[in-house]
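Source file target_32.cif; content: mmCIF, C-alpha atoms and all ligand atoms.
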data_coords
#
loop_
_atom_site.group_PDB
_atom_site.id
_atom_site.type_symbol
_atom_site.label_atom_id
_atom_site.label_comp_id
_atom_site.auth_asym_id
_atom_site.auth_seq_id
_atom_site.Cartn_x
_atom_site.Cartn_y
_atom_site.Cartn_z
ATOM 1 C CA MET A 74 -30.009 -39.501 76.178
ATOM 2 C CA PRO A 75 -30.473 -43.037 77.583
ATOM 3 C CA THR A 76 -27.436 -45.340 77.529
ATOM 4 C CA PRO A 77 -27.510 -47.529 74.437
ATOM 5 C CA VAL A 78 -28.142 -51.205 75.066
ATOM 6 C CA ILE A 79 -25.403 -53.660 74.147
ATOM 7 C CA ILE A 80 -26.945 -56.797 72.671
ATOM 8 C CA THR A 81 -24.736 -59.858 73.002
ATOM 9 C CA CYS A 82 -25.648 -62.852 70.874
ATOM 10 C CA ALA A 83 -24.413 -66.242 72.111
ATOM 11 C CA VAL A 84 -24.583 -68.152 68.876
ATOM 12 C CA THR A 85 -24.292 -71.866 69.679
ATOM 13 C CA GLY A 86 -22.813 -72.627 73.133
ATOM 14 C CA SER A 87 -22.131 -76.110 74.375
ATOM 15 C CA VAL A 88 -25.293 -77.245 76.074
ATOM 16 C CA HIS A 89 -27.877 -77.720 73.361
ATOM 17 C CA THR A 90 -27.486 -80.640 70.971
ATOM 18 C CA PRO A 91 -28.194 -80.810 67.230
ATOM 19 C CA THR A 92 -31.045 -83.224 67.970
ATOM 20 C CA MET A 93 -32.857 -80.473 69.863
ATOM 21 C CA SER A 94 -33.145 -78.012 67.000
ATOM 22 C CA PRO A 95 -32.295 -78.063 63.303
ATOM 23 C CA HIS A 96 -31.530 -74.351 63.590
ATOM 24 C CA LEU A 97 -28.602 -74.688 66.000
ATOM 25 C CA PRO A 98 -25.412 -73.781 64.081
ATOM 26 C CA ILE A 99 -22.792 -76.522 64.232
ATOM 27 C CA THR A 100 -20.337 -76.280 61.348
ATOM 28 C CA PRO A 101 -17.916 -73.360 61.005
ATOM 29 C CA ASP A 102 -19.908 -72.104 58.014
ATOM 30 C CA GLN A 103 -23.185 -72.234 59.913
ATOM 31 C CA ILE A 104 -21.644 -70.497 62.937
ATOM 32 C CA ALA A 105 -20.148 -67.759 60.736
ATOM 33 C CA GLU A 106 -23.395 -67.233 58.798
ATOM 34 C CA GLN A 107 -25.577 -67.016 61.894
ATOM 35 C CA ALA A 108 -23.073 -64.797 63.723
ATOM 36 C CA ILE A 109 -22.890 -62.377 60.787
ATOM 37 C CA ALA A 110 -26.678 -62.255 60.495
ATOM 38 C CA ALA A 111 -26.962 -61.621 64.245
ATOM 39 C CA ALA A 112 -24.534 -58.707 63.962
ATOM 40 C CA GLU A 113 -26.498 -57.306 61.027
ATOM 41 C CA ALA A 114 -29.649 -57.552 63.165
ATOM 42 C CA GLY A 115 -28.053 -55.472 65.938
ATOM 43 C CA ALA A 116 -25.793 -57.628 68.094
ATOM 44 C CA ALA A 117 -22.691 -55.634 69.072
ATOM 45 C CA ILE A 118 -20.993 -58.623 70.746
ATOM 46 C CA LEU A 119 -20.830 -62.179 69.418
ATOM 47 C CA HIS A 120 -20.142 -64.807 72.106
ATOM 48 C CA LEU A 121 -18.691 -67.830 70.364
ATOM 49 C CA HIS A 122 -18.043 -71.508 70.985
ATOM 50 C CA ALA A 123 -16.904 -74.086 68.412
ATOM 51 C CA ARG A 124 -18.336 -77.496 67.684
ATOM 52 C CA ASP A 125 -17.050 -80.597 66.001
ATOM 53 C CA PRO A 126 -18.768 -80.395 62.600
ATOM 54 C CA GLU A 127 -19.132 -84.188 62.429
ATOM 55 C CA THR A 128 -20.765 -84.809 65.792
ATOM 56 C CA GLY A 129 -22.030 -81.389 66.852
ATOM 57 C CA ARG A 130 -20.283 -81.784 70.183
ATOM 58 C CA PRO A 131 -18.554 -78.763 71.717
ATOM 59 C CA SER A 132 -14.882 -78.590 70.795
ATOM 60 C CA PRO A 133 -11.983 -76.558 72.209
ATOM 61 C CA ASP A 134 -9.953 -76.963 68.996
ATOM 62 C CA PRO A 135 -8.495 -73.555 68.020
ATOM 63 C CA ALA A 136 -8.361 -74.720 64.395
ATOM 64 C CA LEU A 137 -12.152 -74.866 64.376
ATOM 65 C CA PHE A 138 -12.429 -71.350 65.823
ATOM 66 C CA LEU A 139 -10.037 -70.177 63.123
ATOM 67 C CA ARG A 140 -12.444 -71.468 60.485
ATOM 68 C CA PHE A 141 -15.098 -68.920 61.492
ATOM 69 C CA LEU A 142 -13.466 -66.066 63.434
ATOM 70 C CA PRO A 143 -11.651 -64.404 60.486
ATOM 71 C CA ARG A 144 -14.792 -64.615 58.360
ATOM 72 C CA ILE A 145 -16.888 -62.983 61.078
ATOM 73 C CA LYS A 146 -14.297 -60.259 61.613
ATOM 74 C CA GLN A 147 -14.111 -59.546 57.918
ATOM 75 C CA ALA A 148 -17.882 -59.289 57.495
ATOM 76 C CA THR A 149 -18.837 -57.376 60.664
ATOM 77 C CA GLY A 150 -17.434 -54.804 63.041
ATOM 78 C CA ALA A 151 -18.889 -56.713 65.983
ATOM 79 C CA VAL A 152 -16.868 -57.454 69.101
ATOM 80 C CA VAL A 153 -15.741 -61.068 69.047
ATOM 81 C CA ASN A 154 -16.009 -62.774 72.419
ATOM 82 C CA VAL A 155 -14.379 -66.206 72.625
ATOM 83 C CA SER A 156 -15.771 -68.490 75.317
ATOM 84 C CA THR A 157 -13.420 -69.937 77.902
ATOM 85 C CA GLY A 158 -16.348 -71.802 79.452
ATOM 86 C CA GLY A 159 -16.059 -74.476 76.781
ATOM 87 C CA GLY A 160 -18.195 -77.503 77.462
ATOM 88 C CA MET A 161 -18.292 -80.804 79.253
ATOM 89 C CA PRO A 162 -15.806 -82.551 79.700
ATOM 90 C CA MET A 163 -13.006 -80.146 78.681
ATOM 91 C CA THR A 164 -10.181 -79.212 81.041
ATOM 92 C CA VAL A 165 -9.615 -75.582 81.950
ATOM 93 C CA THR A 166 -6.431 -75.549 79.849
ATOM 94 C CA GLN A 167 -8.344 -76.800 76.823
ATOM 95 C CA ARG A 168 -11.079 -74.239 77.456
ATOM 96 C CA MET A 169 -8.555 -71.366 77.326
ATOM 97 C CA GLU A 170 -6.659 -72.552 74.282
ATOM 98 C CA ALA A 171 -8.725 -70.886 71.541
ATOM 99 C CA ALA A 172 -8.731 -67.515 73.308
ATOM 100 C CA VAL A 173 -4.976 -67.716 73.916
ATOM 101 C CA ARG A 174 -4.389 -68.513 70.238
ATOM 102 C CA THR A 175 -6.745 -65.849 68.846
ATOM 103 C CA ALA A 176 -6.248 -63.001 71.394
ATOM 104 C CA PRO A 177 -9.806 -61.701 71.048
ATOM 105 C CA GLU A 178 -11.068 -58.341 72.261
ATOM 106 C CA MET A 179 -13.238 -60.199 74.740
ATOM 107 C CA ALA A 180 -13.422 -63.628 76.354
ATOM 108 C CA SER A 181 -15.734 -65.071 78.962
ATOM 109 C CA CYS A 182 -14.527 -65.539 82.534
ATOM 110 C CA ASN A 183 -16.705 -67.728 84.741
ATOM 111 C CA MET A 184 -16.650 -66.535 88.320
ATOM 112 C CA GLY A 185 -16.945 -69.720 90.356
ATOM 113 C CA THR A 186 -16.891 -73.488 90.480
ATOM 114 C CA MET A 187 -20.401 -74.897 90.545
ATOM 115 C CA ASN A 188 -22.766 -77.674 89.673
ATOM 116 C CA PHE A 189 -24.086 -76.820 86.236
ATOM 117 C CA GLY A 190 -27.286 -78.520 85.147
ATOM 118 C CA LEU A 191 -27.350 -79.106 81.430
ATOM 119 C CA PHE A 192 -30.697 -80.258 80.087
ATOM 120 C CA GLN A 193 -32.280 -79.808 83.505
ATOM 121 C CA ALA A 194 -31.529 -76.125 83.554
ATOM 122 C CA LEU A 195 -32.300 -74.699 80.243
ATOM 123 C CA ASP A 196 -35.868 -75.416 79.501
ATOM 124 C CA ARG A 197 -38.705 -76.806 81.481
ATOM 125 C CA TRP A 198 -41.034 -76.394 78.514
ATOM 126 C CA THR A 199 -39.834 -79.663 77.071
ATOM 127 C CA ASP A 200 -38.458 -82.957 78.291
ATOM 128 C CA TRP A 201 -35.093 -83.014 76.602
ATOM 129 C CA THR A 202 -33.907 -86.331 77.968
ATOM 130 C CA HIS A 203 -34.592 -88.030 74.647
ATOM 131 C CA ALA A 204 -32.128 -85.679 72.959
ATOM 132 C CA TRP A 205 -29.093 -86.781 74.926
ATOM 133 C CA GLU A 206 -27.012 -89.894 74.609
ATOM 134 C CA PRO A 207 -27.566 -91.872 77.836
ATOM 135 C CA GLU A 208 -23.896 -91.911 78.879
ATOM 136 C CA PHE A 209 -23.597 -88.155 78.324
ATOM 137 C CA LEU A 210 -26.745 -87.596 80.318
ATOM 138 C CA GLU A 211 -25.397 -89.719 83.158
ATOM 139 C CA ALA A 212 -22.029 -87.903 83.136
ATOM 140 C CA SER A 213 -23.779 -84.536 83.222
ATOM 141 C CA ARG A 214 -25.302 -85.424 86.606
ATOM 142 C CA ASP A 215 -21.802 -85.514 88.059
ATOM 143 C CA PHE A 216 -20.441 -82.533 86.130
ATOM 144 C CA VAL A 217 -18.527 -79.880 88.058
ATOM 145 C CA PHE A 218 -18.009 -76.627 86.165
ATOM 146 C CA LYS A 219 -14.541 -75.842 87.474
ATOM 147 C CA ASN A 220 -13.541 -72.192 87.813
ATOM 148 C CA THR A 221 -11.237 -71.936 90.823
ATOM 149 C CA PHE A 222 -9.487 -68.799 92.054
ATOM 150 C CA ALA A 223 -6.337 -70.106 90.359
ATOM 151 C CA ASP A 224 -8.206 -70.597 87.066
ATOM 152 C CA ILE A 225 -9.587 -67.057 87.185
ATOM 153 C CA GLU A 226 -6.132 -65.696 87.958
ATOM 154 C CA ALA A 227 -4.611 -67.691 85.087
ATOM 155 C CA LEU A 228 -7.154 -66.287 82.658
ATOM 156 C CA HIS A 229 -6.222 -62.763 83.641
ATOM 157 C CA SER A 230 -2.462 -63.294 83.503
ATOM 158 C CA THR A 231 -2.614 -65.069 80.160
ATOM 159 C CA LEU A 232 -5.325 -63.199 78.309
ATOM 160 C CA ALA A 233 -5.645 -59.768 79.908
ATOM 161 C CA ASP A 234 -1.971 -59.166 80.650
ATOM 162 C CA GLY A 235 -0.705 -61.097 77.648
ATOM 163 C CA HIS A 236 -3.125 -59.958 74.946
ATOM 164 C CA GLY A 237 -5.220 -57.023 76.217
ATOM 165 C CA THR A 238 -8.344 -59.211 76.194
ATOM 166 C CA ARG A 239 -11.156 -57.992 78.432
ATOM 167 C CA PHE A 240 -13.833 -60.125 80.017
ATOM 168 C CA GLU A 241 -17.499 -60.921 80.089
ATOM 169 C CA TYR A 242 -17.656 -61.902 83.784
ATOM 170 C CA GLU A 243 -20.221 -64.693 84.006
ATOM 171 C CA CYS A 244 -21.889 -64.480 87.436
ATOM 172 C CA TYR A 245 -24.335 -67.266 88.281
ATOM 173 C CA ASP A 246 -24.851 -66.311 91.893
ATOM 174 C CA LEU A 247 -24.362 -63.497 94.380
ATOM 175 C CA GLY A 248 -21.126 -64.997 95.698
ATOM 176 C CA HIS A 249 -19.583 -64.595 92.262
ATOM 177 C CA LEU A 250 -19.873 -60.822 92.608
ATOM 178 C CA TYR A 251 -17.870 -60.949 95.842
ATOM 179 C CA THR A 252 -15.260 -63.114 94.131
ATOM 180 C CA LEU A 253 -14.974 -60.532 91.375
ATOM 181 C CA ALA A 254 -14.641 -57.763 93.970
ATOM 182 C CA HIS A 255 -11.737 -59.715 95.476
ATOM 183 C CA PHE A 256 -9.969 -59.734 92.102
ATOM 184 C CA VAL A 257 -10.657 -56.011 91.686
ATOM 185 C CA ASP A 258 -9.180 -55.372 95.149
ATOM 186 C CA ARG A 259 -6.046 -57.260 94.131
ATOM 187 C CA GLY A 260 -5.752 -55.167 90.963
ATOM 188 C CA ILE A 261 -6.238 -58.240 88.767
ATOM 189 C CA ALA A 262 -9.702 -57.436 87.335
ATOM 190 C CA LYS A 263 -9.827 -53.898 86.010
ATOM 191 C CA PRO A 264 -12.799 -51.586 85.471
ATOM 192 C CA PRO A 265 -14.947 -50.908 83.622
ATOM 193 C CA LEU A 266 -16.222 -54.392 84.419
ATOM 194 C CA PHE A 267 -18.730 -56.143 82.171
ATOM 195 C CA LEU A 268 -20.878 -58.416 84.334
ATOM 196 C CA GLN A 269 -23.098 -61.026 82.746
ATOM 197 C CA PHE A 270 -25.742 -62.060 85.267
ATOM 198 C CA CYS A 271 -26.686 -65.646 84.322
ATOM 199 C CA LEU A 272 -30.048 -66.515 85.829
ATOM 200 C CA GLY A 273 -31.959 -69.773 85.637
ATOM 201 C CA ILE A 274 -29.108 -72.280 85.353
ATOM 202 C CA LEU A 275 -29.654 -75.233 87.669
ATOM 203 C CA GLY A 276 -26.890 -74.841 90.273
ATOM 204 C CA GLY A 277 -27.016 -71.041 90.113
ATOM 205 C CA ILE A 278 -29.449 -68.323 91.121
ATOM 206 C CA GLY A 279 -33.047 -68.646 89.918
ATOM 207 C CA ALA A 280 -34.568 -66.561 87.155
ATOM 208 C CA ASP A 281 -36.654 -64.230 89.308
ATOM 209 C CA PRO A 282 -36.607 -60.486 88.619
ATOM 210 C CA GLU A 283 -36.154 -59.964 92.382
ATOM 211 C CA ASN A 284 -32.863 -61.854 92.170
ATOM 212 C CA LEU A 285 -31.738 -59.640 89.333
ATOM 213 C CA VAL A 286 -32.504 -56.532 91.352
ATOM 214 C CA THR A 287 -30.549 -57.979 94.289
ATOM 215 C CA MET A 288 -27.600 -58.661 91.995
ATOM 216 C CA THR A 289 -27.597 -55.096 90.668
ATOM 217 C CA ARG A 290 -27.872 -53.629 94.174
ATOM 218 C CA THR A 291 -24.990 -55.810 95.342
ATOM 219 C CA ALA A 292 -22.905 -54.804 92.323
ATOM 220 C CA ASP A 293 -23.678 -51.144 93.062
ATOM 221 C CA ARG A 294 -22.272 -51.584 96.574
ATOM 222 C CA LEU A 295 -19.203 -53.505 95.426
ATOM 223 C CA PHE A 296 -18.287 -51.678 92.232
ATOM 224 C CA GLY A 297 -20.016 -48.269 92.325
ATOM 225 C CA ASP A 298 -20.202 -46.948 88.788
ATOM 226 C CA ALA A 299 -17.218 -49.016 87.620
ATOM 227 C CA TYR A 300 -19.366 -51.733 86.065
ATOM 228 C CA ARG A 301 -21.982 -52.421 83.403
ATOM 229 C CA PHE A 302 -24.310 -55.363 83.612
ATOM 230 C CA SER A 303 -25.966 -57.579 81.080
ATOM 231 C CA VAL A 304 -28.417 -60.399 81.720
ATOM 232 C CA LEU A 305 -29.046 -63.807 80.262
ATOM 233 C CA GLY A 306 -32.113 -65.747 81.289
ATOM 234 C CA ALA A 307 -31.808 -69.460 80.567
ATOM 235 C CA GLY A 308 -34.410 -71.117 78.379
ATOM 236 C CA ARG A 309 -37.930 -69.770 78.666
ATOM 237 C CA HIS A 310 -36.747 -66.956 80.951
ATOM 238 C CA GLN A 311 -34.680 -65.331 78.212
ATOM 239 C CA MET A 312 -36.911 -62.578 76.866
ATOM 240 C CA ARG A 313 -38.631 -61.787 80.168
ATOM 241 C CA LEU A 314 -35.330 -61.180 81.947
ATOM 242 C CA ALA A 315 -33.876 -59.285 78.998
ATOM 243 C CA THR A 316 -36.869 -56.974 79.242
ATOM 244 C CA VAL A 317 -36.308 -56.427 82.971
ATOM 245 C CA ALA A 318 -32.584 -55.849 82.360
ATOM 246 C CA ALA A 319 -33.242 -53.243 79.688
ATOM 247 C CA ALA A 320 -35.821 -51.532 81.900
ATOM 248 C CA LEU A 321 -33.297 -51.404 84.762
ATOM 249 C CA GLY A 322 -30.698 -49.712 82.553
ATOM 250 C CA GLY A 323 -28.680 -52.843 81.787
ATOM 251 C CA HIS A 324 -27.614 -54.717 78.686
ATOM 252 C CA VAL A 325 -28.957 -57.988 77.273
ATOM 253 C CA ARG A 326 -27.790 -61.325 75.983
ATOM 254 C CA VAL A 327 -29.795 -63.598 73.691
ATOM 255 C CA GLY A 328 -28.908 -66.421 71.306
ATOM 256 C CA LEU A 329 -29.413 -70.119 70.747
ATOM 257 C CA GLU A 330 -26.748 -70.936 73.362
ATOM 258 C CA ASP A 331 -29.177 -69.794 76.041
ATOM 259 C CA ASN A 332 -32.584 -70.590 74.565
ATOM 260 C CA LEU A 333 -33.850 -72.511 71.541
ATOM 261 C CA PHE A 334 -37.408 -71.204 71.587
ATOM 262 C CA ARG A 335 -39.353 -68.261 70.271
ATOM 263 C CA GLU A 336 -42.301 -69.232 72.424
ATOM 264 C CA LYS A 337 -43.582 -72.389 74.053
ATOM 265 C CA GLY A 338 -43.440 -75.183 71.492
ATOM 266 C CA VAL A 339 -42.069 -72.966 68.696
ATOM 267 C CA LEU A 340 -38.357 -73.098 67.915
ATOM 268 C CA SER A 341 -36.418 -69.940 67.067
ATOM 269 C CA GLU A 342 -35.301 -70.243 63.478
ATOM 270 C CA SER A 343 -32.048 -68.353 63.950
ATOM 271 C CA ASN A 344 -29.946 -66.264 66.282
ATOM 272 C CA ALA A 345 -30.788 -63.167 64.252
ATOM 273 C CA GLU A 346 -34.476 -63.760 64.968
ATOM 274 C CA GLN A 347 -33.794 -63.509 68.709
ATOM 275 C CA VAL A 348 -31.677 -60.390 68.223
ATOM 276 C CA ARG A 349 -34.490 -58.742 66.261
ATOM 277 C CA ALA A 350 -37.007 -59.711 68.965
ATOM 278 C CA VAL A 351 -34.937 -58.264 71.812
ATOM 279 C CA ARG A 352 -34.133 -55.193 69.762
ATOM 280 C CA ALA A 353 -37.864 -54.494 69.399
ATOM 281 C CA VAL A 354 -38.247 -54.778 73.186
ATOM 282 C CA VAL A 355 -35.295 -52.471 73.865
ATOM 283 C CA GLU A 356 -36.411 -49.850 71.373
ATOM 284 C CA GLY A 357 -39.959 -50.131 72.673
ATOM 285 C CA LEU A 358 -38.588 -49.138 76.085
ATOM 286 C CA GLY A 359 -37.117 -46.013 74.506
ATOM 287 C CA ARG A 360 -33.477 -47.098 74.552
ATOM 288 C CA PRO A 361 -31.262 -47.133 71.471
ATOM 289 C CA VAL A 362 -29.216 -50.188 70.544
ATOM 290 C CA ALA A 363 -25.428 -49.833 70.784
ATOM 291 C CA GLY A 364 -23.292 -50.331 67.727
ATOM 292 C CA PRO A 365 -19.996 -52.204 68.165
ATOM 293 C CA ASP A 366 -17.941 -49.035 68.659
ATOM 294 C CA GLU A 367 -20.362 -47.726 71.273
ATOM 295 C CA ALA A 368 -20.012 -51.078 73.035
ATOM 296 C CA ARG A 369 -16.219 -50.781 72.849
ATOM 297 C CA ALA A 370 -16.357 -47.314 74.402
ATOM 298 C CA LEU A 371 -18.719 -48.428 77.169
ATOM 299 C CA LEU A 372 -16.591 -51.467 78.026
ATOM 300 C CA GLY A 373 -13.083 -50.080 77.510
ATOM 301 C CA LEU A 374 -12.178 -52.607 74.817
ATOM 302 C CA LYS A 375 -9.001 -52.499 72.795
ATOM 303 C CA GLY A 376 -10.806 -52.304 69.426
HETATM 304 N N1 LIG B 401 -23.733 -71.035 78.877
HETATM 305 C C1 LIG B 401 -23.932 -69.858 79.659
HETATM 306 C C2 LIG B 401 -24.892 -70.069 80.770
HETATM 307 C C3 LIG B 401 -19.088 -69.466 78.811
HETATM 308 O O1 LIG B 401 -19.207 -69.690 77.623
HETATM 309 O O2 LIG B 401 -18.037 -69.090 79.320
HETATM 310 C C4 LIG B 401 -22.693 -69.283 80.180
HETATM 311 C C5 LIG B 401 -21.539 -69.163 79.246
HETATM 312 C C6 LIG B 401 -20.247 -69.639 79.738
HETATM 313 O O3 LIG B 401 -21.687 -68.642 78.156
HETATM 314 ZN ZN ZN B 402 -20.902 -69.599 76.338
#
Mind turning this structure into structure tokens?
Ligand code: KMH
Ligand code: ZN
Amino acid sequence: MPTPVIITCAVTGSVHTPTMSPHLPITPDQIAEQAIAAAEAGAAILHLHARDPETGRPSPDPALFLRFLPRIKQATGAVVNVSTGGGMPMTVTQRMEAAVRTAPEMASCNMGTMNFGLFQALDRWTDWTHAWEPEFLEASRDFVFKNTFADIEALHSTLADGHGTRFEYECYDLGHLYTLAHFVDRGIAKPPLFLQFCLGILGGIGADPENLVTMTRTADRLFGDAYRFSVLGAGRHQMRLATVAAALGGHVRVGLEDNLFREKGVLSESNAEQVRAVRAVVEGLGRPVAGPDEARALLGLKG
């Protein structure tokens, strides 16, 4: 029996702006509705950010998370994954606040400090520059996505040790796998590890299938069978890389955080639409889709 595929849906993120798509969920109600529909379509994990409902800008405010998390938990059995990646220009402390307050089953843990292209990275199908306020656009050119060794350690001591939260380890480059191995060696990161290979972000590794294979081979050497991997391809690379990931035995991530399009020039109308599309690919490859409890068992979550 092939291993079931865990579909993660990243519902809104912090990169895309409301001016880019009318379908991007912004308010707590919209985030809850789209997250619930994504779970009903087959997403076992919901990766969640919050936004200021007035401006649509990413927000670290735990009160906003608390306006959609209980509703999602009540309506679905899906694993709730609270982002600690936040968005520009939050501090690391702000980025961790919602996860510390809500003690989720899962939170993201970004595995290195890097340049992180915003509009430049996500989609070369469209010139997005019109969609950004000029000062935000200018600031994004100088943006450092800070995830130092100390930050990674703090996430583990606060969330894993304090609350039993486990991590989606966001790896944007090969070096991030070696950093994770260092934390495993120190007994800080504990298997089974859930690696999210993030390909196609400007500043990280490119979205070539060869790179994905190299990442899996490297992870095999570093972690043996103590890890599972999932893949997100930024922008137009999303479905192609999800297909390669599923064919290689991995798991997949989709959602409007990573890609706004169904195909060139055609916006996705919802997160659930992307979940249904990737589900068809996965099932077409002969692999079943994991329910939330299968995902929990595969990833050693607290439930
Ligand atoms: N935006 C993705 C490329 C996080 O939320 O911690 C990575 C991400 C980071 O989802
Ligand atoms: Zn995210």
Report as AutoDock Vina command-line options the centre and the edge lengths, in Å to one decimal, of the axis-aligned box holding every listed atom of stretch 87-93 of chain A, padded by 6 Å on each side.
--center_x -27.5 --center_y -79.7 --center_z 71.7 --size_x 22.7 --size_y 19.1 --size_z 20.8
Report as number ranges by chain which protein, DNA and RNA residues come within 10 Å of ligand ZN 402 (chain B), using only C-alpha atoms and all ligand atoms. A: 82-88, 120-123, 154-160, 180-183, 243, 328, 330-331
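If you measure from each of A:Thr92, A:Gln147, A:Asn284, A:Asn220 to ligand LIG 401 (chain B) using all atoms listed in the file, the closest one turns out to be A:Asn220.
Each of A:Thr175, A:Ser213, A:Thr166, A:Gln347 was compared to A:Leu137 using all atoms listed in the file, and A:Thr175 turns out to be the nearest.
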Considering all atoms listed in the file, state which residue in the set A:Arg360, A:His255, A:Arg309, A:Arg326 is at the smallest distance from ligand LIG 401 (chain B). A:Arg326
Any chance you could resolve the PyMOL selection byres (((chain A and resi 163) around 12) and not hetatm) against this file and give the residues as a VMD selection string? chain A and resid 87 130 to 134 157 to 162 164 to 170 216 to 219
Here's the selection I'm unsure about, the PyMOL selection byres (((chain A and resi 95) around 12) and not hetatm); applied to the file above, which residues does it give, as a compact mmCIF listing (two decimals) with C-alpha atoms, in the frame of the given file?
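result.txt, written as the output of this step:
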# COMPACT_ATOMS: atom_id res chain seq x y z
CA THR A 85 -24.29 -71.87 69.68
CA HIS A 89 -27.88 -77.72 73.36
CA THR A 90 -27.49 -80.64 70.97
CA PRO A 91 -28.19 -80.81 67.23
CA THR A 92 -31.04 -83.22 67.97
CA MET A 93 -32.86 -80.47 69.86
CA SER A 94 -33.15 -78.01 67.00
CA HIS A 96 -31.53 -74.35 63.59
CA LEU A 97 -28.60 -74.69 66.00
CA PRO A 98 -25.41 -73.78 64.08
CA ILE A 99 -22.79 -76.52 64.23
CA GLN A 103 -23.18 -72.23 59.91
CA GLY A 129 -22.03 -81.39 66.85
CA LEU A 329 -29.41 -70.12 70.75
CA LEU A 333 -33.85 -72.51 71.54
CA PHE A 334 -37.41 -71.20 71.59
CA LEU A 340 -38.36 -73.10 67.92
CA SER A 341 -36.42 -69.94 67.07
CA GLU A 342 -35.30 -70.24 63.48
CA SER A 343 -32.05 -68.35 63.95
